[in-house]
Structures are given as C-alpha cells and as structure tokens.
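Enquirer: I am attaching a structure below and will ask some questions about it afterwards.
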Amino acid sequence: MTPETTPSPARADARMSDDQAAAEARRIIADAYRPAPEVPTSYRDTSPLPAYGTTPPVLQPDRRIVPAWAAGTAVAGIGVGAACVGVGCGVWLACQGFAAVSLASVLFVTLPIAAVAAIVAAVGSAVRSLKAAHTEHHHHYAGPVRQENTTTHTRGLFARTTNH
C-alpha cells in the first residue's frame with residue numbers, strides 16, 4: 001500500500017473530535033473501495049526481429065548417430081519383411097483358389113521362406129562388415145596438412161559412445 005492510504009498508528013494521548021473521526025472513517029472506507037490500479041500481466045514485443053546478428057556462424061560438425069551398417073541392416077530387414085508378407089499373401093491367395101486352407105497352414109508354408117530370407121540378410125550384413133573392417137586408405141596431399149583421426153565405439157543397450 002502507498003503511504004497515503006496507510007493509517008497512522010493511533011496515539012493513546014491524542015483524541016479525535018467527532019468530525020475528525022467521521023472524516024477519517026470516510027477516508028478509510030473510500031480507500032477500501034477504491035479500484036486497484038491496473039497492472040499488466042503480459043507484454044508482447046511487436047518490434048521486428050533483425051535479419052542477422054553480430055554473432056559469427058559456428059561450425060557444426062556432422063556426427064552420424066546411426067552407423068551405416070546398422071542402417072543398411074535395418075533397410076534389409078524391412079525389405080525381407082515386406083517380401084515375406086508379399087510371398088505369404090501370394091501363397092495364401094493361390095491356396096484359396098485350390099482348397100479351403102487355414103491361415104495357420106499358409107503361415108507354416110511361408111515360414112521357411114522367411115527363415116531363408118533372414119539368414120541371407122544376416123550373412124550379407126556380416127560379409128559387408130568384414131569387408132569394411134580391413135579397409136586401407138591412402139591420401140596424397142600437396143602442402144601442409146593437419147590430420148585428425150577419431151575412432152568411435154558405440155556399445156551397450158543405451159548406446160554409450162566413446163571417442164578416441
């Protein structure tokens with residue numbers, strides 16, 4: 001509250017007349033029913049943002065989260081799954097034309113196809129990773145060169161990555 005509306009402490013030795021008491025009562029009642037000043041609760045800055053600032057651009061190195069072999073294996077797995085569904089639907093449709101065959105029997109027929117496709121994808125992924133393990137790089141430079149080699153190892157269920 002402001003000092004104007006704060007009542008002064010009553011002094012024991014000072015007594016008010018009836019007119020002074022009535023005026024003081026009117027002032028206290030008027031202060032109590034005076035509307036509160038409007039205080040803004042939010043503010044929106046409508047000034048336009050600058051097109052560019054004074055901070056220079058920062059180099060943001062490209063760091064892949066998923067290794068290429070893992071992405072390739074995932075794509076191969078999706079392809080194997082789609083192929084198995086297609087082959088299974090084809091076999092099921094063919095069997096529907098010849099006899100009333102249950103869906104369980106169609107699944108048992110397509111199960112060997114899915115197993116062979118999964119084994120082929122796993123072998124292909126293993127061969128590709130073995131080929132990538134023994135690569136040798138030769139670089140020829142003319143002039144001063146600064147070379148940094150970083151080895152990244154990602155291990156664990158929650159993908160803990162260490163860089164050397």
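Order determines the names: the first chain of the structure tokens is A, the second B, and so forth; residues in each chain are numbered 1 upward, and ligands are numbered 1 upward as they are shown.
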Based on DSSP run over this structure's backbone, return all residues of chain A in strand (DSSP E), as a VMD selection string.
Expert: chain A and resid 152 to 155 160 to 163
Enquirer: Name the residues in contact with Val85 (chain A) at a cut-off of 12 Å, using only C-alpha atoms, excluding same-chain residues fewer than 3 positions from it; report them as a list in words.
Expert: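 Near Val85 (chain A), the qualifying residues are Ile78, Gly79, Val80, Gly81, Ala82, Gly88, Cys89, Gly90, Val91, Trp92, Val106, Leu107, Thr110, Leu111, Ile113, Ala114 and Ala117 of chain A.
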Enquirer: Output N, CA and C atoms of each residue in that selection to a file, as a compact mmCIF listing (two decimals), in the first residue's frame.
Expert:
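Output below, filename selection.txt:
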# COMPACT_ATOMS: atom_id res chain seq x y z
N ILE A 78 13.62 -54.57 -43.28
CA ILE A 78 12.31 -54.11 -43.76
C ILE A 78 11.99 -54.75 -45.11
N GLY A 79 13.01 -54.85 -45.96
CA GLY A 79 12.80 -55.49 -47.26
C GLY A 79 12.44 -56.95 -47.12
N VAL A 80 13.12 -57.66 -46.23
CA VAL A 80 12.82 -59.08 -46.01
C VAL A 80 11.40 -59.23 -45.48
N GLY A 81 11.02 -58.36 -44.55
CA GLY A 81 9.66 -58.43 -44.02
C GLY A 81 8.60 -58.18 -45.08
N ALA A 82 8.84 -57.17 -45.91
CA ALA A 82 7.88 -56.88 -46.98
C ALA A 82 7.82 -58.02 -47.98
N GLY A 88 3.87 -64.52 -48.75
CA GLY A 88 2.84 -65.19 -47.96
C GLY A 88 1.44 -64.91 -48.47
N CYS A 89 1.19 -63.65 -48.84
CA CYS A 89 -0.13 -63.32 -49.39
C CYS A 89 -0.36 -64.02 -50.73
N GLY A 90 0.71 -64.09 -51.54
CA GLY A 90 0.57 -64.79 -52.82
C GLY A 90 0.26 -66.26 -52.62
N VAL A 91 0.97 -66.90 -51.71
CA VAL A 91 0.72 -68.32 -51.44
C VAL A 91 -0.67 -68.51 -50.89
N TRP A 92 -1.09 -67.61 -50.01
CA TRP A 92 -2.42 -67.72 -49.41
C TRP A 92 -3.50 -67.57 -50.47
N VAL A 106 -0.95 -71.78 -44.07
CA VAL A 106 -0.25 -70.89 -45.00
C VAL A 106 0.97 -70.29 -44.31
N LEU A 107 0.83 -69.92 -43.04
CA LEU A 107 1.96 -69.37 -42.30
C LEU A 107 3.07 -70.41 -42.16
N THR A 110 4.96 -70.51 -45.44
CA THR A 110 5.83 -69.35 -45.71
C THR A 110 6.93 -69.18 -44.68
N LEU A 111 6.88 -69.89 -43.58
CA LEU A 111 7.90 -69.76 -42.54
C LEU A 111 9.30 -70.12 -43.05
N ILE A 113 10.46 -69.74 -46.04
CA ILE A 113 10.88 -68.64 -46.92
C ILE A 113 11.38 -67.47 -46.08
N ALA A 114 10.67 -67.15 -45.02
CA ALA A 114 11.09 -66.05 -44.15
C ALA A 114 12.41 -66.37 -43.46
N ALA A 117 15.25 -65.96 -46.01
CA ALA A 117 15.48 -64.55 -46.29
C ALA A 117 16.20 -63.87 -45.13
Enquirer: Which distance in Å separates CA of Ala22 (chain A) and CA of Pro35 (chain A), to one decimal?
Expert: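 Atom-to-atom, CA of Ala22 (chain A) and CA of Pro35 (chain A) are spaced 21.9 Å apart.
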Enquirer: Rounded to one decimal in Å, what is the spacing between CA of Val145 (chain A) and CA of Asp62 (chain A)?
Expert: 20.5 Å
Enquirer: Calculate how many Å separate CA of His153 (chain A) from CA of Gly124 (chain A), rounding to one decimal.
Expert: 22.1 Å
Enquirer: Considering only C-alpha atoms, return as a count of residues only whatever protein or nucleic-acid residues lie within 12 Å of region 129-139 of chain A, sequence-local ones (same chain, fewer than 4 positions apart) excluded.
Expert: 12
Enquirer: Write down as a PyMOL selection string the residues belonging to chain A that are assigned helix (DSSP H, G or I) by DSSP computed on the backbone.
Expert: chain A and resi 18-33+68-98+103-133
Enquirer: Report as a list in words all protein, DNA and RNA residues lying within 12 Å of region 154-158 of chain A, evaluated on only C-alpha atoms, omitting residues in the same chain fewer than 2 positions from it.
Expert: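 So the residues in contact are Arg64, Ile65, Val66, Pro67, Ala70, Thr151, Thr152, Arg160, Thr161, Thr162, Asn163 and His164 of chain A.
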Enquirer: Keeping N, CA and C atoms for every residue in the selection just given, could you write it to a file as a PDB file, in the first residue's frame?
Expert:
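Written out: result33.pdb:
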ATOM      1  N   ARG A  64      27.115 -38.548 -37.285  1.00  0.00           N
ATOM      2  CA  ARG A  64      26.043 -39.507 -37.522  1.00  0.00           C
ATOM      3  C   ARG A  64      25.770 -40.281 -36.235  1.00  0.00           C
ATOM      4  N   ILE A  65      24.509 -40.499 -35.952  1.00  0.00           N
ATOM      5  CA  ILE A  65      24.132 -41.228 -34.751  1.00  0.00           C
ATOM      6  C   ILE A  65      24.102 -42.731 -35.042  1.00  0.00           C
ATOM      7  N   VAL A  66      23.591 -43.092 -36.212  1.00  0.00           N
ATOM      8  CA  VAL A  66      23.452 -44.498 -36.567  1.00  0.00           C
ATOM      9  C   VAL A  66      24.552 -44.852 -37.566  1.00  0.00           C
ATOM     10  N   PRO A  67      25.342 -45.896 -37.299  1.00  0.00           N
ATOM     11  CA  PRO A  67      26.356 -46.307 -38.268  1.00  0.00           C
ATOM     12  C   PRO A  67      25.710 -46.788 -39.568  1.00  0.00           C
ATOM     13  N   ALA A  70      24.408 -50.375 -39.642  1.00  0.00           N
ATOM     14  CA  ALA A  70      23.159 -50.611 -38.910  1.00  0.00           C
ATOM     15  C   ALA A  70      21.965 -50.144 -39.732  1.00  0.00           C
ATOM     16  N   THR A 151      38.334 -42.298 -33.527  1.00  0.00           N
ATOM     17  CA  THR A 151      37.771 -43.638 -33.523  1.00  0.00           C
ATOM     18  C   THR A 151      36.570 -43.629 -32.588  1.00  0.00           C
ATOM     19  N   THR A 152      35.435 -44.070 -33.069  1.00  0.00           N
ATOM     20  CA  THR A 152      34.208 -44.059 -32.288  1.00  0.00           C
ATOM     21  C   THR A 152      33.780 -45.483 -32.006  1.00  0.00           C
ATOM     22  N   ARG A 160      26.108 -46.203 -25.400  1.00  0.00           N
ATOM     23  CA  ARG A 160      27.164 -45.369 -24.819  1.00  0.00           C
ATOM     24  C   ARG A 160      28.268 -45.239 -25.871  1.00  0.00           C
ATOM     25  N   THR A 161      28.584 -44.037 -26.296  1.00  0.00           N
ATOM     26  CA  THR A 161      29.566 -43.801 -27.344  1.00  0.00           C
ATOM     27  C   THR A 161      30.817 -43.193 -26.739  1.00  0.00           C
ATOM     28  N   THR A 162      31.971 -43.752 -27.098  1.00  0.00           N
ATOM     29  CA  THR A 162      33.262 -43.184 -26.656  1.00  0.00           C
ATOM     30  C   THR A 162      34.059 -42.843 -27.901  1.00  0.00           C
ATOM     31  N   ASN A 163      34.696 -41.661 -27.883  1.00  0.00           N
ATOM     32  CA  ASN A 163      35.521 -41.201 -28.983  1.00  0.00           C
ATOM     33  C   ASN A 163      36.961 -41.170 -28.541  1.00  0.00           C
ATOM     34  N   HIS A 164      37.870 -41.647 -29.371  1.00  0.00           N
ATOM     35  CA  HIS A 164      39.310 -41.624 -29.077  1.00  0.00           C
ATOM     36  C   HIS A 164      39.991 -40.791 -30.125  1.00  0.00           C
TER      37      HIS A 164
END
